[in-house]
Amino acid sequence: MKATCWMGRNSVEVDDVPDPKILNDRDAIVRITSTAICGSDLHLYDGYIPTMKRGDILGHEFMGEVVDKGKAVNNLEVGDRVVVPFPIACGACWACKQELYSLCENTNPNARLAEKMFGFPTAGIFGYSHLTGGFAGGQAEYARVPFADVGPIKIENGISDEAVLFLSDVFPTGYMGAEMCDISGGEVIAVWGAGPVGQFAAASAKLLGAERVIVIDRFDYRLDVARQNSGVETLNYEEVDSVPEALKELTGGRGPDACIDAVGMEAHHHGALYAYDRVKQAMRQETDRPIALREAIMSCRNGGIVSVVGVYGGLVDKFPMGALMNRGLTIRTGQYHVHRYLKPLLERIQNGEIDPSFIVTHQLSLDDAPLGYELFKHKRDDCLKVVLKP
């Protein structure tokens with residue numbers, strides 16, 4: 001089969017690789033009908049996530065048709081159309097019982113690597129380095145899905161791929177980011193980043209009852225998408241001297257009730273601090289550029305919540321711990337417990353509350369995956385989200 005393979009920093013190729021096979025009674029084989037390039041894939045592409053190996057198959061946002069299954073998979077039948085969540089969960093361990101699926105204790109065969117990096121291991125993830133298990137990803141014609149009796153959700157009623165594909169990752173990620181803000185109605189929520197996750201965080205904040213949502217980015221086309229599809233306010237950070245001061249102005253001096261960092265480890269900005277982070281990251285003296293995180297902390301009202309859904313991989317510098325502690329802020333974060341949200345978010349889609357396909361700007365063949373990565377990374381041709389069709 002054909003698959004998108006990581007070949008080194010800033011290099012992917014579509015190569016012929018062996019077809020996946022059933023290795024365990026709880027496996028299924030899925031023929032991929034749609035798969036997407038995620039913003040977190042760019043961290044692999046740019047070489048900032050360790051333990052990648054040449055030839056690793058990328059991709060953790062995918063859906064398709066079940067073509068084979070192990071004898072323990074009783075919830076699916078060959079021919080079923082499914083969306084596959086990006087974390088791999090066993091469904092039986094303590095974490096899974098608490099619905100903390102991205103922290104599953106049984107699905108990462110390289111748990112020792114993760115433990116060295118993070119203190120404790122996390123769940124396996126499709127196509128996302130050997131730190132998270134070294135599982136082959138879904139930017140391919142076929143994928144092996146371990147624990148298929150727990151993960152995939154069946155899609156019926158002929159709903160389009162583009163409407164449900166993002167249940168695999170970015171929609172639940174954005175929704176969980178908004179949910180962590182404890183929205184009860186009437187709040188002001190600020191969202192850093194108008195990429196796919198930021199778009200869904202903003203839309204979800206509105207769904208949950210926020211009175212105002214302010215999305216911060218530097219690309220006008222991405223801010224336009226947020227305004228047109230989610231009815232939010234926007235702020236181009238290149239047009240203001242200080243984002244925290246601009247947000248104070250917009251909120252009567254108080255600051256947002258909660259701030260969502262949907263940017264993560266490769267944040268951009270202008271000024272001396274950005275240059276400092278770029279240099280330290282290039283010299284591997286820090287792994288992540290926490291510019292959006294710093295701004296979210298400094299912008300949030302006293303006693304507010306900072307929700308972090310942007311991916312961070314390691315260590316950051318100049319973290320404003322004093323502001324966090326002295327102003328009584330709460331940080332909530334985590335890889336996203338997708339399984340928890342599959343059914344309720346599918347219901348929202350089916351009820352017409354949201355159509356996630358609004359983020360799709362480019363549909364390409366699997367053979368064009370290298371072009372898709374370049375378009376997405378460099379924001380060419382107003383690229384917001386690339387869907388690949390094997």
# chains A, B, ... in the order shown; residues from 1 in each chain; ligands from 1

$ residues_around --residues "segment 320-329 of chain A" --least-positions-apart "4" --cutoff "12 Å" --atoms "only C-alpha atoms" --output "list in words"
Cys181, Pro256, Asp257, Ala258, Cys259, Pro290, Ile291, Ala292, Leu293, Arg294, Glu295, Ala296, Ile297, Met298, Ser299, Cys300, Arg301, Asn302, Gly303, Gly304, Ile305, Val306, Ser307 and Val316 of chain A

$ write_last_selection --atoms "C-alpha atoms" --output "JSON list (two decimals), in the first residue's frame"
[["chain", "number", "residue", "atom", "x", "y", "z"],
["A", 181, "CYS", "CA", -12.93, 26.78, 30.98],
["A", 256, "PRO", "CA", -10.89, 37.38, 29.83],
["A", 257, "ASP", "CA", -12.48, 34.94, 32.26],
["A", 258, "ALA", "CA", -10.55, 32.12, 30.63],
["A", 259, "CYS", "CA", -7.78, 31.90, 28.04],
["A", 290, "PRO", "CA", 5.79, 29.20, 24.91],
["A", 291, "ILE", "CA", 4.88, 32.65, 23.61],
["A", 292, "ALA", "CA", 1.12, 32.06, 23.47],
["A", 293, "LEU", "CA", 1.17, 30.37, 26.88],
["A", 294, "ARG", "CA", 2.97, 33.32, 28.48],
["A", 295, "GLU", "CA", 0.50, 35.75, 26.93],
["A", 296, "ALA", "CA", -2.50, 33.67, 28.02],
["A", 297, "ILE", "CA", -1.27, 33.70, 31.63],
["A", 298, "MET", "CA", -0.54, 37.44, 31.59],
["A", 299, "SER", "CA", -3.89, 38.22, 29.94],
["A", 300, "CYS", "CA", -6.27, 36.11, 32.05],
["A", 301, "ARG", "CA", -8.29, 37.87, 34.73],
["A", 302, "ASN", "CA", -7.43, 37.29, 38.38],
["A", 303, "GLY", "CA", -8.73, 33.92, 39.50],
["A", 304, "GLY", "CA", -9.35, 32.80, 35.91],
["A", 305, "ILE", "CA", -8.55, 29.63, 33.99],
["A", 306, "VAL", "CA", -5.81, 29.01, 31.44],
["A", 307, "SER", "CA", -6.72, 26.05, 29.24],
["A", 316, "VAL", "CA", 9.99, 25.96, 28.26]]

$ closest_atom_pairs --of "segment 276-355 of chain A" --to "segment 116-121 of chain A" --cutoff "12 Å" --atoms "only C-alpha atoms" --output "JSON lines"
{"residue": "A:Tyr312", "atom": "CA", "partner": "A:Phe118", "partner_atom": "CA", "distance": 11.2}
{"residue": "A:Gly313", "atom": "CA", "partner": "A:Met117", "partner_atom": "CA", "distance": 8.9}
{"residue": "A:Gly314", "atom": "CA", "partner": "A:Met117", "partner_atom": "CA", "distance": 7.6}
{"residue": "A:Leu315", "atom": "CA", "partner": "A:Met117", "partner_atom": "CA", "distance": 10.1}

$ select_by_dssp --residues "segment 37-272 of chain A" --states "helix (DSSP H, G or I)" --output "VMD selection string"
chain A and resid 39 to 45 94 to 97 101 to 103 111 to 118 130 to 132 161 to 168 170 to 179 196 to 207 220 to 230 237 to 239 243 to 250 272

$ closest_residue --among "A:Ser184, A:Gln350, A:Cys90, A:Gly195" --to "Phe376 of chain A" --atoms "only C-alpha atoms"
A:Gly195

$ closest_residue --among "A:Trp6, A:Tyr101, A:Trp94, A:Phe219" --to "Gly137 of chain A" --atoms "only C-alpha atoms"
A:Trp6

$ residues_around --residues "Ile214 of chain A" --least-positions-apart "4" --cutoff "9 Å" --atoms "only C-alpha atoms" --output "PyMOL selection string"
chain A and resi 188-192+202+232-235+247+256

$ write_last_selection --atoms "N, CA and C atoms" --output "compact mmCIF listing (two decimals), in the first residue's frame"
# COMPACT_ATOMS: atom_id res chain seq x y z
N VAL A 188 -16.33 35.76 29.03
CA VAL A 188 -15.48 36.21 27.93
C VAL A 188 -14.30 35.23 27.84
N ILE A 189 -14.14 34.62 26.67
CA ILE A 189 -13.08 33.63 26.46
C ILE A 189 -12.16 34.13 25.35
N ALA A 190 -10.86 34.09 25.61
CA ALA A 190 -9.88 34.43 24.58
C ALA A 190 -9.20 33.16 24.10
N VAL A 191 -9.01 33.05 22.79
CA VAL A 191 -8.41 31.86 22.18
C VAL A 191 -7.19 32.29 21.37
N TRP A 192 -6.03 31.76 21.73
CA TRP A 192 -4.81 32.01 20.95
C TRP A 192 -4.71 30.96 19.85
N ALA A 202 -13.01 27.94 19.75
CA ALA A 202 -13.87 29.13 19.71
C ALA A 202 -15.32 28.76 19.47
N VAL A 232 -17.41 35.07 16.24
CA VAL A 232 -16.54 35.54 17.31
C VAL A 232 -15.91 36.89 16.94
N GLU A 233 -15.29 37.51 17.93
CA GLU A 233 -14.46 38.69 17.70
C GLU A 233 -13.04 38.22 17.40
N THR A 234 -12.27 39.06 16.74
CA THR A 234 -10.91 38.66 16.39
C THR A 234 -9.92 39.78 16.70
N LEU A 235 -8.67 39.38 16.87
CA LEU A 235 -7.59 40.31 17.15
C LEU A 235 -6.34 39.84 16.41
N LEU A 247 -6.39 43.08 25.20
CA LEU A 247 -7.49 42.32 25.79
C LEU A 247 -8.07 43.03 27.01
N PRO A 256 -9.97 38.50 30.11
CA PRO A 256 -10.89 37.38 29.83
C PRO A 256 -11.06 36.48 31.05

$ select_by_dssp --residues "segment 98-143 of chain A" --states "strand (DSSP E)" --output "list of chain:residue names"
A:Gly124, A:Ile125, A:Tyr142, A:Ala143

$ write_last_selection --atoms "N, CA and C atoms" --output "CSV table (one decimal), in the first residue's frame"
chain,number,residue,atom,x,y,z
A,124,GLY,N,-0.7,5.1,23.8
A,124,GLY,CA,-0.2,5.1,22.5
A,124,GLY,C,-1.0,6.0,21.6
A,125,ILE,N,-0.4,6.5,20.6
A,125,ILE,CA,-1.0,7.4,19.6
A,125,ILE,C,-0.6,7.0,18.2
A,142,TYR,N,-4.4,2.0,4.2
A,142,TYR,CA,-4.9,1.1,5.2
A,142,TYR,C,-4.2,1.4,6.5
A,143,ALA,N,-4.9,1.0,7.6
A,143,ALA,CA,-4.3,1.2,8.9
A,143,ALA,C,-4.8,0.0,9.8

$ atom_distance --atom1 "atom CA of Val309 of chain A" --atom2 "atom CA of Ser40 of chain A"
10.8 Å

$ residues_around --residues "Asn75 of chain A" --least-positions-apart "3" --cutoff "12 Å" --atoms "only C-alpha atoms" --output "number ranges by chain"
A: 26-28, 66, 69-72, 78, 80, 82, 147-154

$ residues_around --residues "segment 362-375 of chain A" --least-positions-apart "3" --cutoff "7 Å" --atoms "only C-alpha atoms" --output "PyMOL selection string"
chain A and resi 4+12-14+378-380+383+385-390

$ closest_atom_pairs --of "segment 122-201 of chain A" --to "segment 333-349 of chain A" --cutoff "10 Å" --atoms "only C-alpha atoms" --output "tab-separated table"
residue	atom	partner	partner_atom	distance
A:Thr122	CA	A:Gln335	CA	9.0
A:Ala123	CA	A:Gln335	CA	9.4
A:Val150	CA	A:His339	CA	8.4
A:Gly151	CA	A:His339	CA	6.6
A:Pro152	CA	A:His339	CA	8.4
A:Ile153	CA	A:Leu342	CA	7.1
A:Lys154	CA	A:Lys343	CA	9.7
A:Ile155	CA	A:Leu346	CA	8.8
A:Ile159	CA	A:Ile349	CA	9.5
A:Ala163	CA	A:Ile349	CA	7.5
A:Val164	CA	A:Leu346	CA	7.3
A:Leu167	CA	A:Leu342	CA	6.3
A:Ser168	CA	A:Val338	CA	7.1
A:Asp169	CA	A:Val338	CA	6.7
A:Val170	CA	A:Tyr336	CA	9.1
A:Phe171	CA	A:Leu345	CA	8.2
A:Pro172	CA	A:Val338	CA	5.8
A:Thr173	CA	A:Tyr336	CA	5.5
A:Gly174	CA	A:Tyr336	CA	9.0
A:Tyr175	CA	A:Tyr341	CA	8.5
A:Met176	CA	A:Tyr336	CA	7.0
A:Gly177	CA	A:Thr333	CA	7.7
A:Met180	CA	A:Thr333	CA	8.0
